[in-house]
Structure formats: C-alpha cells, structure tokens
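Participant: Starting off with a structure, shown below.
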Amino acid sequence: MRTRIEVLPDAVHQIERIAGWWREHRAGVVDLFADELAAAFDLLEELPDVGRPFPRRRFPSLRVLLLTRTRYHIYYEHNAEAGVVLVRAVWSAVRGRRPPLRQH
C-alpha cells in the first residue's frame, strides 16, 4: 500500500515561494525544483522511512530527506498507522538554520 502525502500549510507556502524563485532565477533549469520535489514525494509514498531521523522535542518522529540537486530538505513525519507522510517544511539545506516548525 502506498503512503499518502499530506503537505501542511507552512510547507505549501514554502514550496510555492521556492518554486517561484526557481522560475525567476534559474531560467535554464526552471522545473528542476518541482521535478525533484515530485520525485521525492513519489519516493516517500513507496519508502516513507527513507529520510534520516531528525527528532526534536515537539516532533520526536521527525525525519529529513535531502533533495540533492537543489539542496533543499524535506522535514516530515511518517504515521504508519494512518498511512500518511506529513510534510512539515521544505527548507534550504544551506541556510545554516532549521525551519520554524509549528503544530497544526
């Protein structure tokens, strides 16, 4: 059974902002971020625990998956019982700080 991907509103906003930046600033590879993100979501549907554990006090089951070509991280939790991957953030791996994570 494939796992369902649910993207929280904060992550949706981050994805939209990142995709817009790529469209504006990366003319030669406009679709690279969107394509890599879509491939990562496909991977998470099949192998939801593929990311490395990145536990936090408020999010003990948090995991992170690197998008290697665009250098963004997907921060997510996998709820096996519900069959869902909850995407909390998509954040630049080179920012030097973690994304703000909120309970929803």
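We label chains A, B, ... in the order they appear in the structure tokens, count residues from 1 in each chain, and number ligands from 1 in the order shown.
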Quick one: everything within 9 Å of A:Leu37, counting only C-alpha atoms, minus sequence neighbours fewer than 5 positions away in the same chain. Send it as a list in words.
Facilitator: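 With the cut-off at 9 Å, the set is Ile15, Leu32, Asp42, Leu67 and Ile74 of chain A.
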Participant: Can you write just those residues out, C-alpha atoms, as a PDB file, in the first residue's frame?
Facilitator:
```pdb
ATOM      1  CA  ILE A  15       7.152  25.186  -1.734  1.00  0.00           C
ATOM      2  CA  LEU A  32      14.401  21.289 -11.518  1.00  0.00           C
ATOM      3  CA  ASP A  42       6.964   9.536  -5.071  1.00  0.00           C
ATOM      4  CA  LEU A  67      16.928  16.914  -2.415  1.00  0.00           C
ATOM      5  CA  ILE A  74      12.005  17.928   3.288  1.00  0.00           C
TER       6      ILE A  74
END
```
Participant: What's around A:Leu101 at 10 Å? Count only C-alpha atoms, leave out sequence neighbours fewer than 5 positions away in its own chain, and write the answer as a PDB file with C-alpha atoms, in the first residue's frame.
Facilitator:
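What landed in result.pdb:
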```
ATOM      1  CA  ASP A  10       3.523  26.199   6.128  1.00  0.00           C
ATOM      2  CA  ALA A  11       5.221  23.730   3.783  1.00  0.00           C
ATOM      3  CA  ARG A  56      13.014  17.235  18.085  1.00  0.00           C
ATOM      4  CA  ARG A  58       7.979  18.569  19.940  1.00  0.00           C
ATOM      5  CA  PHE A  59       8.432  16.276  16.937  1.00  0.00           C
ATOM      6  CA  TYR A  75      11.135  17.746   7.002  1.00  0.00           C
ATOM      7  CA  ARG A  88       6.087  19.958   7.831  1.00  0.00           C
ATOM      8  CA  ALA A  89       8.666  22.030   5.929  1.00  0.00           C
TER       9      ALA A  89
END
```
Participant: In terms of the shortest atom-to-atom distance over only C-alpha atoms, which of A:His104, A:Arg4, A:His13, A:Arg98 is closest to A:Phe54?
Facilitator: A:Arg98
Participant: In Å to one decimal, how far is atom CA of A:Gly28 from atom CA of A:Arg95?
Facilitator: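 The value is 23.1 Å.
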Participant: Taking into account only C-alpha atoms, which residue in the set A:Gln14, A:Ser92, A:Gln103, A:Thr3 is nearest to A:Arg71?
Facilitator: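 Residue with the minimum atom-to-atom distance to A:Arg71: A:Ser92.
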Participant: Quick one: of A:Ile18, A:Asp31, A:His78, A:Pro9, who's nearest to A:Leu47, counting only C-alpha atoms?
Facilitator: A:His78
Participant: Would you please give, as a PyMOL selection string, all residues of chain A that DSSP assigns to alpha helix (DSSP H) based on the backbone?
Facilitator: chain A and resi 9-25+32-46
Participant: Write out the residues from the selection above, keeping C-alpha atoms, as a compact mmCIF listing (two decimals), in the first residue's frame.
Facilitator:
```
# COMPACT_ATOMS: atom_id res chain seq x y z
CA PRO A 9 0.10 24.89 5.04
CA ASP A 10 3.52 26.20 6.13
CA ALA A 11 5.22 23.73 3.78
CA VAL A 12 2.82 24.59 0.95
CA HIS A 13 3.78 28.26 1.32
CA GLN A 14 7.50 27.38 1.38
CA ILE A 15 7.15 25.19 -1.73
CA GLU A 16 5.31 27.93 -3.61
CA ARG A 17 7.94 30.51 -2.67
CA ILE A 18 10.84 28.22 -3.64
CA ALA A 19 9.23 27.22 -6.95
CA GLY A 20 8.64 30.90 -7.78
CA TRP A 21 12.26 31.72 -7.04
CA TRP A 22 13.43 28.90 -9.33
CA ARG A 23 11.15 30.11 -12.14
CA GLU A 24 12.53 33.64 -11.80
CA HIS A 25 16.23 32.95 -11.21
CA LEU A 32 14.40 21.29 -11.52
CA PHE A 33 12.99 22.02 -8.05
CA ALA A 34 9.44 20.95 -8.94
CA ASP A 35 10.68 17.78 -10.63
CA GLU A 36 12.99 16.84 -7.76
CA LEU A 37 10.27 17.51 -5.19
CA ALA A 38 7.77 15.38 -7.14
CA ALA A 39 10.30 12.54 -7.35
CA ALA A 40 10.94 12.81 -3.60
CA PHE A 41 7.20 12.66 -2.87
CA ASP A 42 6.96 9.54 -5.07
CA LEU A 43 9.85 8.02 -3.12
CA LEU A 44 8.21 8.87 0.22
CA GLU A 45 4.99 7.21 -0.92
CA GLU A 46 6.92 3.98 -1.53
```
Participant: From the DSSP assignment of the backbone, select every residue of chain A that is strand (DSSP E), and format the answer as a list of chain:residue names.
Facilitator: A:Arg4, A:Ile5, A:Glu6, A:Val7, A:Arg52, A:Pro53, A:Leu62, A:Arg63, A:Val64, A:Leu65, A:Leu66, A:Leu67, A:Tyr72, A:His73, A:Ile74, A:Tyr75, A:Tyr76, A:Glu77, A:His78, A:Asn79, A:Val84, A:Val85, A:Leu86, A:Val87, A:Arg88, A:Ala89, A:Val90, A:Trp91, A:Ser92
Participant: Once you have the residues from the selection above, write them out as a tab-separated table (two decimals), in the first residue's frame, restricted to N, CA and C atoms.
Facilitator:
```
chain	number	residue	atom	x	y	z
A	4	ARG	N	0.15	7.97	1.78
A	4	ARG	CA	-0.40	9.24	1.30
A	4	ARG	C	0.49	10.38	1.80
A	5	ILE	N	0.72	11.38	0.95
A	5	ILE	CA	1.50	12.56	1.32
A	5	ILE	C	0.53	13.69	1.66
A	6	GLU	N	0.70	14.27	2.84
A	6	GLU	CA	-0.08	15.43	3.25
A	6	GLU	C	0.90	16.57	3.54
A	7	VAL	N	0.73	17.68	2.83
A	7	VAL	CA	1.63	18.82	2.98
A	7	VAL	C	0.92	19.89	3.81
A	52	ARG	N	16.54	10.46	6.99
A	52	ARG	CA	17.25	10.18	8.24
A	52	ARG	C	16.48	10.76	9.42
A	53	PRO	N	16.50	10.07	10.55
A	53	PRO	CA	15.82	10.59	11.74
A	53	PRO	C	16.41	11.95	12.14
A	62	LEU	N	10.30	13.16	13.73
A	62	LEU	CA	10.67	13.97	12.57
A	62	LEU	C	11.82	13.30	11.80
A	63	ARG	N	11.73	13.37	10.48
A	63	ARG	CA	12.76	12.85	9.60
A	63	ARG	C	13.09	13.94	8.58
A	64	VAL	N	14.25	13.81	7.93
A	64	VAL	CA	14.64	14.79	6.91
A	64	VAL	C	15.18	14.04	5.70
A	65	LEU	N	14.80	14.53	4.52
A	65	LEU	CA	15.23	13.95	3.26
A	65	LEU	C	15.84	15.07	2.42
A	66	LEU	N	17.05	14.86	1.93
A	66	LEU	CA	17.75	15.86	1.13
A	66	LEU	C	17.40	15.72	-0.35
A	67	LEU	N	17.05	16.84	-0.96
A	67	LEU	CA	16.93	16.91	-2.42
A	67	LEU	C	18.33	17.29	-2.91
A	72	TYR	N	17.65	21.25	-1.04
A	72	TYR	CA	16.58	21.54	-0.08
A	72	TYR	C	16.34	20.29	0.74
A	73	HIS	N	15.85	20.50	1.95
A	73	HIS	CA	15.46	19.40	2.83
A	73	HIS	C	13.94	19.35	2.93
A	74	ILE	N	13.42	18.15	2.96
A	74	ILE	CA	12.01	17.93	3.29
A	74	ILE	C	11.98	17.43	4.73
A	75	TYR	N	11.31	18.15	5.61
A	75	TYR	CA	11.13	17.75	7.00
A	75	TYR	C	9.75	17.14	7.11
A	76	TYR	N	9.69	15.90	7.59
A	76	TYR	CA	8.41	15.19	7.59
A	76	TYR	C	8.32	14.20	8.73
A	77	GLU	N	7.09	13.75	8.98
A	77	GLU	CA	6.83	12.67	9.93
A	77	GLU	C	6.03	11.60	9.21
A	78	HIS	N	6.32	10.35	9.55
A	78	HIS	CA	5.60	9.22	8.97
A	78	HIS	C	4.72	8.59	10.04
A	79	ASN	N	3.43	8.59	9.79
A	79	ASN	CA	2.49	7.92	10.68
A	79	ASN	C	2.07	6.63	9.97
A	84	VAL	N	0.25	7.79	6.36
A	84	VAL	CA	0.45	9.15	5.86
A	84	VAL	C	1.84	9.66	6.19
A	85	VAL	N	2.41	10.42	5.27
A	85	VAL	CA	3.61	11.21	5.49
A	85	VAL	C	3.15	12.65	5.60
A	86	LEU	N	3.47	13.26	6.71
A	86	LEU	CA	3.08	14.64	6.99
A	86	LEU	C	4.28	15.54	6.74
A	87	VAL	N	4.25	16.32	5.66
A	87	VAL	CA	5.35	17.21	5.32
A	87	VAL	C	5.17	18.51	6.10
A	88	ARG	N	6.14	18.78	6.98
A	88	ARG	CA	6.09	19.96	7.83
A	88	ARG	C	6.82	21.15	7.24
A	89	ALA	N	7.89	20.91	6.48
A	89	ALA	CA	8.67	22.03	5.93
A	89	ALA	C	9.50	21.56	4.75
A	90	VAL	N	9.77	22.50	3.85
A	90	VAL	CA	10.75	22.32	2.78
A	90	VAL	C	11.66	23.53	2.91
A	91	TRP	N	12.95	23.27	3.17
A	91	TRP	CA	13.84	24.32	3.64
A	91	TRP	C	15.22	24.16	3.01
A	92	SER	N	15.87	25.24	2.70
A	92	SER	CA	17.20	25.20	2.11
A	92	SER	C	18.19	24.52	3.04
```
